[in-house]
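Peer 1: This one is protein-v8.pdb, PDB, C-alpha atoms.
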ATOM      1  CA  LEU A   1    -230.168  16.831 190.336  1.00  0.00           C
ATOM      2  CA  ASN A   2    -230.850  17.931 186.750  1.00  0.00           C
ATOM      3  CA  GLN A   3    -230.016  21.514 187.713  1.00  0.00           C
ATOM      4  CA  LEU A   4    -226.687  20.409 189.226  1.00  0.00           C
ATOM      5  CA  LEU A   5    -225.834  18.416 186.100  1.00  0.00           C
ATOM      6  CA  LYS A   6    -226.684  21.407 183.937  1.00  0.00           C
ATOM      7  CA  MET A   7    -224.463  23.693 186.032  1.00  0.00           C
ATOM      8  CA  GLN A   8    -221.590  21.193 185.840  1.00  0.00           C
ATOM      9  CA  ALA A   9    -221.968  20.923 182.056  1.00  0.00           C
ATOM     10  CA  GLU A  10    -221.879  24.724 181.706  1.00  0.00           C
ATOM     11  CA  LYS A  11    -218.765  24.925 183.912  1.00  0.00           C
ATOM     12  CA  ASP A  12    -217.029  22.179 181.890  1.00  0.00           C
ATOM     13  CA  LYS A  13    -217.863  24.026 178.681  1.00  0.00           C
ATOM     14  CA  LEU A  14    -216.407  27.267 180.053  1.00  0.00           C
ATOM     15  CA  ILE A  15    -213.207  25.544 181.150  1.00  0.00           C
ATOM     16  CA  MET A  16    -212.791  23.940 177.726  1.00  0.00           C
ATOM     17  CA  GLU A  17    -213.296  27.315 176.028  1.00  0.00           C
ATOM     18  CA  VAL A  18    -210.621  28.925 178.216  1.00  0.00           C
ATOM     19  CA  ARG A  19    -208.201  26.049 177.555  1.00  0.00           C
ATOM     20  CA  GLU A  20    -208.744  26.296 173.796  1.00  0.00           C
ATOM     21  CA  ARG A  21    -208.261  30.065 173.919  1.00  0.00           C
ATOM     22  CA  LEU A  22    -205.010  29.601 175.836  1.00  0.00           C
ATOM     23  CA  LYS A  23    -203.767  27.095 173.251  1.00  0.00           C
ATOM     24  CA  ALA A  24    -204.627  29.545 170.475  1.00  0.00           C
ATOM     25  CA  ARG A  25    -202.500  32.126 172.301  1.00  0.00           C
ATOM     26  CA  GLY A  26    -199.552  29.722 172.273  1.00  0.00           C
ATOM     27  CA  ALA A  27    -199.876  28.592 175.896  1.00  0.00           C
ATOM     28  CA  LYS A  28    -199.250  24.886 175.243  1.00  0.00           C
ATOM     29  CA  THR A  29    -196.138  24.483 177.405  1.00  0.00           C
ATOM     30  CA  ILE A  30    -195.210  25.352 180.995  1.00  0.00           C
ATOM     31  CA  ARG A  31    -193.351  28.439 179.755  1.00  0.00           C
ATOM     32  CA  GLY A  32    -196.358  29.520 177.698  1.00  0.00           C
ATOM     33  CA  MET A  33    -198.664  29.098 180.691  1.00  0.00           C
ATOM     34  CA  GLY A  34    -196.245  31.180 182.747  1.00  0.00           C
ATOM     35  CA  ARG A  35    -196.438  34.024 180.247  1.00  0.00           C
ATOM     36  CA  VAL A  36    -200.249  34.005 180.319  1.00  0.00           C
ATOM     37  CA  PHE A  37    -200.270  33.903 184.120  1.00  0.00           C
ATOM     38  CA  LYS A  38    -198.050  37.019 184.232  1.00  0.00           C
ATOM     39  CA  ILE A  39    -200.461  38.816 181.884  1.00  0.00           C
ATOM     40  CA  PHE A  40    -203.346  38.033 184.268  1.00  0.00           C
ATOM     41  CA  ASP A  41    -201.305  38.958 187.350  1.00  0.00           C
ATOM     42  CA  ASP A  42    -201.400  42.755 187.011  1.00  0.00           C
ATOM     43  CA  SER A  43    -200.170  43.354 190.565  1.00  0.00           C
ATOM     44  CA  GLY A  44    -197.195  41.000 190.167  1.00  0.00           C
ATOM     45  CA  ASP A  45    -197.838  39.267 193.518  1.00  0.00           C
ATOM     46  CA  ARG A  46    -197.885  35.774 191.915  1.00  0.00           C
ATOM     47  CA  LYS A  47    -201.591  35.304 192.521  1.00  0.00           C
ATOM     48  CA  ILE A  48    -204.686  36.334 190.601  1.00  0.00           C
ATOM     49  CA  ASP A  49    -207.665  37.953 192.313  1.00  0.00           C
ATOM     50  CA  ARG A  50    -211.223  37.934 190.961  1.00  0.00           C
ATOM     51  CA  GLN A  51    -210.910  41.246 189.148  1.00  0.00           C
ATOM     52  CA  GLU A  52    -207.593  40.303 187.506  1.00  0.00           C
ATOM     53  CA  PHE A  53    -209.069  36.962 186.474  1.00  0.00           C
ATOM     54  CA  TYR A  54    -212.181  38.476 184.897  1.00  0.00           C
ATOM     55  CA  TYR A  55    -210.321  41.148 182.932  1.00  0.00           C
ATOM     56  CA  GLY A  56    -207.606  38.678 181.966  1.00  0.00           C
ATOM     57  CA  LEU A  57    -210.238  36.447 180.366  1.00  0.00           C
ATOM     58  CA  LYS A  58    -211.773  39.447 178.603  1.00  0.00           C
ATOM     59  CA  ASP A  59    -208.343  40.496 177.283  1.00  0.00           C
ATOM     60  CA  MET A  60    -208.006  37.024 175.794  1.00  0.00           C
ATOM     61  CA  GLY A  61    -211.128  37.736 173.751  1.00  0.00           C
ATOM     62  CA  LEU A  62    -213.405  35.448 175.755  1.00  0.00           C
ATOM     63  CA  GLU A  63    -217.024  36.569 175.931  1.00  0.00           C
ATOM     64  CA  ILE A  64    -217.741  35.901 179.590  1.00  0.00           C
ATOM     65  CA  THR A  65    -219.900  37.395 182.333  1.00  0.00           C
ATOM     66  CA  LYS A  66    -218.599  38.243 185.791  1.00  0.00           C
ATOM     67  CA  LYS A  67    -220.712  35.433 187.223  1.00  0.00           C
ATOM     68  CA  GLU A  68    -219.183  32.925 184.810  1.00  0.00           C
ATOM     69  CA  ALA A  69    -215.692  34.189 185.663  1.00  0.00           C
ATOM     70  CA  GLU A  70    -216.434  33.740 189.361  1.00  0.00           C
ATOM     71  CA  THR A  71    -217.595  30.160 188.700  1.00  0.00           C
ATOM     72  CA  LEU A  72    -214.292  29.418 186.968  1.00  0.00           C
ATOM     73  CA  MET A  73    -212.362  31.170 189.705  1.00  0.00           C
ATOM     74  CA  ASP A  74    -214.015  28.990 192.356  1.00  0.00           C
ATOM     75  CA  TYR A  75    -213.124  25.902 190.334  1.00  0.00           C
ATOM     76  CA  LEU A  76    -209.445  26.884 190.108  1.00  0.00           C
ATOM     77  CA  ASP A  77    -209.088  28.160 193.683  1.00  0.00           C
ATOM     78  CA  LYS A  78    -208.464  24.767 195.296  1.00  0.00           C
ATOM     79  CA  ASP A  79    -207.273  26.066 198.674  1.00  0.00           C
ATOM     80  CA  GLY A  80    -210.206  28.499 198.966  1.00  0.00           C
ATOM     81  CA  ASP A  81    -208.125  31.581 199.796  1.00  0.00           C
ATOM     82  CA  GLY A  82    -209.902  33.767 197.223  1.00  0.00           C
ATOM     83  CA  TYR A  83    -206.949  33.825 194.812  1.00  0.00           C
ATOM     84  CA  VAL A  84    -205.588  31.610 192.029  1.00  0.00           C
ATOM     85  CA  ASN A  85    -201.877  30.988 192.447  1.00  0.00           C
ATOM     86  CA  TYR A  86    -199.595  29.749 189.674  1.00  0.00           C
ATOM     87  CA  ASP A  87    -199.870  26.068 190.621  1.00  0.00           C
ATOM     88  CA  GLU A  88    -203.671  26.232 190.738  1.00  0.00           C
ATOM     89  CA  PHE A  89    -203.731  28.015 187.383  1.00  0.00           C
ATOM     90  CA  LEU A  90    -201.390  25.454 185.834  1.00  0.00           C
ATOM     91  CA  ILE A  91    -203.311  22.428 187.119  1.00  0.00           C
ATOM     92  CA  GLY A  92    -206.714  23.827 186.146  1.00  0.00           C
ATOM     93  CA  MET A  93    -205.714  24.942 182.685  1.00  0.00           C
ATOM     94  CA  ARG A  94    -203.702  21.848 181.714  1.00  0.00           C
ATOM     95  CA  GLY A  95    -206.503  19.516 182.772  1.00  0.00           C
ATOM     96  CA  GLN A  96    -206.386  15.899 183.843  1.00  0.00           C
ATOM     97  CA  LEU A  97    -203.719  13.293 183.143  1.00  0.00           C
ATOM     98  CA  ASN A  98    -203.588  12.077 179.554  1.00  0.00           C
ATOM     99  CA  GLN A  99    -203.913   8.365 178.750  1.00  0.00           C
ATOM    100  CA  ARG A 100    -200.173   7.532 178.943  1.00  0.00           C
ATOM    101  CA  ARG A 101    -199.663   9.361 182.214  1.00  0.00           C
ATOM    102  CA  GLN A 102    -202.824   7.958 183.782  1.00  0.00           C
ATOM    103  CA  ALA A 103    -201.669   4.443 182.908  1.00  0.00           C
ATOM    104  CA  ILE A 104    -198.382   4.758 184.812  1.00  0.00           C
ATOM    105  CA  VAL A 105    -200.114   6.471 187.754  1.00  0.00           C
ATOM    106  CA  ASP A 106    -202.596   3.577 187.887  1.00  0.00           C
ATOM    107  CA  LYS A 107    -199.780   1.013 187.772  1.00  0.00           C
ATOM    108  CA  CYS A 108    -198.032   2.642 190.700  1.00  0.00           C
ATOM    109  CA  PHE A 109    -201.259   2.732 192.704  1.00  0.00           C
ATOM    110  CA  LEU A 110    -201.884  -0.969 192.029  1.00  0.00           C
ATOM    111  CA  GLN A 111    -198.390  -1.794 193.203  1.00  0.00           C
ATOM    112  CA  PHE A 112    -199.106  -0.385 196.669  1.00  0.00           C
ATOM    113  CA  ASP A 113    -202.788  -1.250 196.991  1.00  0.00           C
ATOM    114  CA  LYS A 114    -201.768  -4.765 198.029  1.00  0.00           C
ATOM    115  CA  ASP A 115    -205.179  -5.909 199.248  1.00  0.00           C
ATOM    116  CA  GLY A 116    -207.106  -4.388 196.333  1.00  0.00           C
ATOM    117  CA  SER A 117    -209.182  -2.217 198.687  1.00  0.00           C
ATOM    118  CA  GLY A 118    -208.868   0.933 196.574  1.00  0.00           C
ATOM    119  CA  PHE A 119    -206.908   2.640 199.372  1.00  0.00           C
ATOM    120  CA  ILE A 120    -203.232   2.901 200.230  1.00  0.00           C
ATOM    121  CA  THR A 121    -202.565   2.432 203.945  1.00  0.00           C
ATOM    122  CA  SER A 122    -199.535   2.282 206.229  1.00  0.00           C
ATOM    123  CA  ASN A 123    -199.421  -1.506 205.740  1.00  0.00           C
ATOM    124  CA  ASP A 124    -199.346  -1.059 201.951  1.00  0.00           C
ATOM    125  CA  LEU A 125    -196.405   1.337 202.189  1.00  0.00           C
ATOM    126  CA  LYS A 126    -194.293  -0.661 204.622  1.00  0.00           C
ATOM    127  CA  GLY A 127    -190.771  -0.985 203.264  1.00  0.00           C
ATOM    128  CA  VAL A 128    -191.265   2.093 201.102  1.00  0.00           C
ATOM    129  CA  TYR A 129    -191.512   4.715 203.821  1.00  0.00           C
ATOM    130  CA  ASN A 130    -189.714   3.606 206.977  1.00  0.00           C
ATOM    131  CA  THR A 131    -190.825   5.865 209.836  1.00  0.00           C
ATOM    132  CA  ASN A 132    -188.657   4.391 212.596  1.00  0.00           C
ATOM    133  CA  LEU A 133    -185.561   6.082 211.118  1.00  0.00           C
ATOM    134  CA  HIS A 134    -187.204   9.500 211.017  1.00  0.00           C
ATOM    135  CA  PRO A 135    -185.199  12.004 213.155  1.00  0.00           C
ATOM    136  CA  LYS A 136    -188.298  13.087 215.112  1.00  0.00           C
ATOM    137  CA  VAL A 137    -189.100   9.450 215.915  1.00  0.00           C
ATOM    138  CA  LYS A 138    -185.521   8.834 217.040  1.00  0.00           C
ATOM    139  CA  SER A 139    -185.597  11.940 219.231  1.00  0.00           C
ATOM    140  CA  GLY A 140    -188.938  10.922 220.766  1.00  0.00           C
ATOM    141  CA  GLU A 141    -190.640  14.091 219.512  1.00  0.00           C
ATOM    142  CA  MET A 142    -193.144  12.129 217.415  1.00  0.00           C
ATOM    143  CA  THR A 143    -194.401   8.550 217.251  1.00  0.00           C
ATOM    144  CA  GLU A 144    -194.059   6.422 214.117  1.00  0.00           C
ATOM    145  CA  ASP A 145    -197.813   6.739 213.510  1.00  0.00           C
ATOM    146  CA  GLU A 146    -197.672  10.542 213.831  1.00  0.00           C
ATOM    147  CA  VAL A 147    -194.802  10.769 211.342  1.00  0.00           C
ATOM    148  CA  PHE A 148    -196.628   8.515 208.902  1.00  0.00           C
ATOM    149  CA  MET A 149    -199.828  10.583 209.175  1.00  0.00           C
ATOM    150  CA  GLU A 150    -197.782  13.712 208.449  1.00  0.00           C
ATOM    151  CA  PHE A 151    -196.274  11.983 205.413  1.00  0.00           C
ATOM    152  CA  LEU A 152    -199.716  11.000 204.095  1.00  0.00           C
ATOM    153  CA  GLN A 153    -201.094  14.516 204.537  1.00  0.00           C
ATOM    154  CA  ASN A 154    -198.147  16.055 202.695  1.00  0.00           C
ATOM    155  CA  PHE A 155    -198.511  13.472 199.966  1.00  0.00           C
ATOM    156  CA  GLY A 156    -202.229  13.949 199.390  1.00  0.00           C
ATOM    157  CA  ASP A 157    -204.355  12.660 202.264  1.00  0.00           C
ATOM    158  CA  LYS A 158    -206.696  15.649 202.093  1.00  0.00           C
ATOM    159  CA  ASN A 159    -209.379  14.289 204.427  1.00  0.00           C
ATOM    160  CA  LYS A 160    -206.741  13.162 206.973  1.00  0.00           C
ATOM    161  CA  ASP A 161    -208.196   9.680 207.425  1.00  0.00           C
ATOM    162  CA  GLY A 162    -204.798   7.963 207.383  1.00  0.00           C
ATOM    163  CA  THR A 163    -205.214   6.510 203.909  1.00  0.00           C
ATOM    164  CA  ILE A 164    -204.813   7.706 200.319  1.00  0.00           C
ATOM    165  CA  ASP A 165    -207.721   6.841 198.051  1.00  0.00           C
ATOM    166  CA  ARG A 166    -207.649   6.662 194.262  1.00  0.00           C
ATOM    167  CA  LYS A 167    -208.924  10.235 193.829  1.00  0.00           C
ATOM    168  CA  GLU A 168    -206.341  11.700 196.226  1.00  0.00           C
ATOM    169  CA  TRP A 169    -203.603   9.737 194.432  1.00  0.00           C
ATOM    170  CA  ASN A 170    -204.778  10.989 191.009  1.00  0.00           C
ATOM    171  CA  ASP A 171    -205.174  14.587 192.244  1.00  0.00           C
ATOM    172  CA  TYR A 172    -201.642  14.564 193.648  1.00  0.00           C
ATOM    173  CA  TYR A 173    -200.121  13.281 190.408  1.00  0.00           C
ATOM    174  CA  SER A 174    -202.259  15.598 188.281  1.00  0.00           C
ATOM    175  CA  ALA A 175    -200.536  18.432 190.155  1.00  0.00           C
ATOM    176  CA  VAL A 176    -197.113  16.876 189.571  1.00  0.00           C
ATOM    177  CA  SER A 177    -197.961  16.227 185.920  1.00  0.00           C
ATOM    178  CA  ALA A 178    -199.052  19.825 185.325  1.00  0.00           C
ATOM    179  CA  SER A 179    -195.466  21.042 185.747  1.00  0.00           C
ATOM    180  CA  ILE A 180    -193.937  18.470 183.357  1.00  0.00           C
ATOM    181  CA  ASP A 181    -194.353  18.971 179.602  1.00  0.00           C
ATOM    182  CA  ASN A 182    -192.852  15.705 178.371  1.00  0.00           C
ATOM    183  CA  ASP A 183    -194.759  12.400 178.798  1.00  0.00           C
ATOM    184  CA  ASP A 184    -191.604  10.271 178.803  1.00  0.00           C
ATOM    185  CA  HIS A 185    -190.055  12.447 181.501  1.00  0.00           C
ATOM    186  CA  PHE A 186    -193.148  12.064 183.678  1.00  0.00           C
ATOM    187  CA  ILE A 187    -193.203   8.277 183.215  1.00  0.00           C
ATOM    188  CA  GLN A 188    -189.521   7.962 184.110  1.00  0.00           C
ATOM    189  CA  LEU A 189    -190.086  10.122 187.188  1.00  0.00           C
ATOM    190  CA  MET A 190    -192.877   7.792 188.334  1.00  0.00           C
ATOM    191  CA  LYS A 191    -190.792   4.678 187.785  1.00  0.00           C
ATOM    192  CA  LYS A 192    -187.866   6.103 189.747  1.00  0.00           C
ATOM    193  CA  ALA A 193    -189.984   7.530 192.549  1.00  0.00           C
ATOM    194  CA  TRP A 194    -191.714   4.240 193.280  1.00  0.00           C
ATOM    195  CA  HIS A 195    -189.117   1.725 192.014  1.00  0.00           C
ATOM    196  CA  LEU A 196    -191.725   0.326 189.666  1.00  0.00           C
ATOM    197  CA  ASP A 197    -190.956  -3.281 188.824  1.00  0.00           C
ATOM    198  CA  GLN A 198    -192.786  -4.059 185.617  1.00  0.00           C
ATOM    199  CA  GLU A 199    -192.385  -7.848 185.816  1.00  0.00           C
ATOM    200  CA  LYS A 200    -193.694  -8.055 189.385  1.00  0.00           C
ATOM    201  CA  LEU A 201    -196.554  -5.746 188.503  1.00  0.00           C
ATOM    202  CA  VAL A 202    -197.636  -7.873 185.531  1.00  0.00           C
ATOM    203  CA  GLN A 203    -197.432 -10.956 187.744  1.00  0.00           C
ATOM    204  CA  LYS A 204    -199.532  -9.264 190.417  1.00  0.00           C
ATOM    205  CA  ILE A 205    -202.210  -8.186 187.938  1.00  0.00           C
ATOM    206  CA  ASN A 206    -202.345 -11.705 186.495  1.00  0.00           C
ATOM    207  CA  GLU A 207    -202.747 -13.161 189.988  1.00  0.00           C
ATOM    208  CA  LYS A 208    -205.685 -10.810 190.619  1.00  0.00           C
ATOM    209  CA  LEU A 209    -207.303 -11.804 187.334  1.00  0.00           C
ATOM    210  CA  ASN A 210    -206.953 -15.559 187.986  1.00  0.00           C
TER     211      ASN A 210
END
Once you've parsed the file, please lay out its structure as C-alpha cells.

Peer 2:
Amino acid sequence: LNQLLKMQAEKDKLIMEVRERLKARGAKTIRGMGRVFKIFDDSGDRKIDRQEFYYGLKDMGLEITKKEAETLMDYLDKDGDGYVNYDEFLIGMRGQLNQRRQAIVDKCFLQFDKDGSGFITSNDLKGVYNTNLHPKVKSGEMTEDEVFMEFLQNFGDKNKDGTIDRKEWNDYYSAVSASIDNDDHFIQLMKKAWHLDQEKLVQKINEKLN
C-alpha cells in the first residue's frame, strides 16, 4: 500500500510539473493548449505517440526519464489505445474542475439524485429524457430501456450498469469543462442544459438537512 501511495505521489508531482511548464509557455487557454499539442504532434495525425510525447516534454525543458514519460502517457491515455488525442491532452493538462465549476456540477447532480443514493438512475431522469418519443422506440427497433441505456453510456456510464455515479458525472463534466475557458460560460451552460431551478434546489437541500 505504501508503495502504491508513493507511486501515486510521484505521478501527481510529475503532472503538476508538466502543467506548470505549460503555463510558463503560455498554454493557459484552449488556444494555447492547442498550440502546444501541435508542437508535440510531429506527424500531424492529431494524436501523440509515446516517442512524440517523450521528446515533446524534453523540448519543453522538462528533465524526465522515458519511464516517467510513459507513466504520464498512461495517465493521459484514457481510452487505452496507446496514443494521447487532443481531448485527452486537454483534460489531463487542465486538471480537475475548479471550485466554482465543481459547485454547479454538484448542484445539478443533487437535482437528479432524488433519493440521495449517490447515483442517477432512469427514475431520477424521468421527465428530463423521454425515451418513448425516440425514433428507434417508435419504429420498434429498440425498447425504451435499450434507448435509455444507450443514452447513459454516451453520457458517461462507463461501467454500463445503468446508472451514473458521482465519479462518472464529475469525469464527464471535467471533459466538458476542459474545452471551456470562461467559468461564467460553463455555469450558464450547466444551468441551460439541466434547467437548473435555484429556488427548488435550495428547498430540496433544506428538506434533506431537516

Peer 1: Give me the residues within 8 Å of stretch 105-116 of chain A as a short mmCIF file (atom, residue, chain, number, x, y, z; two decimals) with C-alpha atoms, in the coordinates of the input, counting all atoms listed in the file and dropping any in the same chain fewer than 3 places off.

Peer 2:
data_model
loop_
_atom_site.label_atom_id
_atom_site.label_comp_id
_atom_site.auth_asym_id
_atom_site.auth_seq_id
_atom_site.Cartn_x
_atom_site.Cartn_y
_atom_site.Cartn_z
CA ARG A 101 -199.66 9.36 182.21
CA GLN A 102 -202.82 7.96 183.78
CA PHE A 119 -206.91 2.64 199.37
CA ILE A 120 -203.23 2.90 200.23
CA THR A 121 -202.56 2.43 203.94
CA ASP A 124 -199.35 -1.06 201.95
CA LEU A 125 -196.40 1.34 202.19
CA ARG A 166 -207.65 6.66 194.26
CA TRP A 169 -203.60 9.74 194.43
CA ASN A 170 -204.78 10.99 191.01
CA TYR A 173 -200.12 13.28 190.41
CA MET A 190 -192.88 7.79 188.33
CA TRP A 194 -191.71 4.24 193.28
CA LEU A 196 -191.72 0.33 189.67
CA LEU A 201 -196.55 -5.75 188.50
#

Peer 1: On this file, the PyMOL selection byres ((chain A and resi 57-65) around 10) gives some set of residues; write that set as number ranges by chain.

Peer 2: A: 14, 17-18, 21-22, 24-25, 36, 39-40, 52-56, 66-71

Peer 1: Do you know which residues the PyMOL selection byres ((chain A and resi 158-160) around 12) returns on this file, as a CSV table (one decimal) with C-alpha atoms, keeping the file's coordinate frame?

Peer 2:
chain,number,residue,atom,x,y,z
A,78,LYS,CA,-208.5,24.8,195.3
A,79,ASP,CA,-207.3,26.1,198.7
A,121,THR,CA,-202.6,2.4,203.9
A,146,GLU,CA,-197.7,10.5,213.8
A,148,PHE,CA,-196.6,8.5,208.9
A,149,MET,CA,-199.8,10.6,209.2
A,150,GLU,CA,-197.8,13.7,208.4
A,151,PHE,CA,-196.3,12.0,205.4
A,152,LEU,CA,-199.7,11.0,204.1
A,153,GLN,CA,-201.1,14.5,204.5
A,154,ASN,CA,-198.1,16.1,202.7
A,155,PHE,CA,-198.5,13.5,200.0
A,156,GLY,CA,-202.2,13.9,199.4
A,157,ASP,CA,-204.4,12.7,202.3
A,161,ASP,CA,-208.2,9.7,207.4
A,162,GLY,CA,-204.8,8.0,207.4
A,163,THR,CA,-205.2,6.5,203.9
A,164,ILE,CA,-204.8,7.7,200.3
A,165,ASP,CA,-207.7,6.8,198.1
A,166,ARG,CA,-207.6,6.7,194.3
A,167,LYS,CA,-208.9,10.2,193.8
A,168,GLU,CA,-206.3,11.7,196.2
A,169,TRP,CA,-203.6,9.7,194.4
A,171,ASP,CA,-205.2,14.6,192.2
A,172,TYR,CA,-201.6,14.6,193.6

Peer 1: Using Å and a single decimal, report how far atom CA of A:Lys191 sits from atom CA of A:Pro135.

Peer 2: 27.0 Å

Peer 1: Which of these, A:Met16, A:Val84, A:Met7, A:Leu97, has the shortest distance to A:Ala178 once you count all atoms listed in the file?

Peer 2: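 Ranked by minimum distance to A:Ala178, first place goes to A:Leu97.
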
Peer 1: I'd like the residues picked by the PyMOL selection byres ((chain A and resi 80-82) around 12) written out as an NGL selection string, using the chain letters and numbers from the file.

Peer 2: :A and (47-53 or 70 or 72-79 or 83-85 or 88)

Peer 1: Calculate how many Å separate atom CA of A:Arg31 from atom CA of A:Asp181, rounding to one decimal.

Peer 2: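 Atom-to-atom, atom CA of A:Arg31 and atom CA of A:Asp181 are spaced 9.5 Å apart.
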
Peer 1: Go ahead and compute the interatomic distance for atom CA of A:Arg46 and atom CA of A:Glu10, in Å to one decimal.

Peer 2: 28.3 Å

Peer 1: Here is a test: counting all atoms listed in the file, which residue of A:Gln8, A:Lys192, A:Asn182, A:Lys28 is nearest to A:Arg94?

Peer 2: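 Of A:Gln8, A:Lys192, A:Asn182, A:Lys28, the one nearest A:Arg94, counting all atoms listed in the file, is A:Lys28.
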
Peer 1: Which residue, A:Ser117, A:Ser43, A:Ser139, A:Ser177, has the smallest gap to A:Ile104 when you use only C-alpha atoms?

Peer 2: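 Answer, going by the shortest atom-to-atom distance: A:Ser177.
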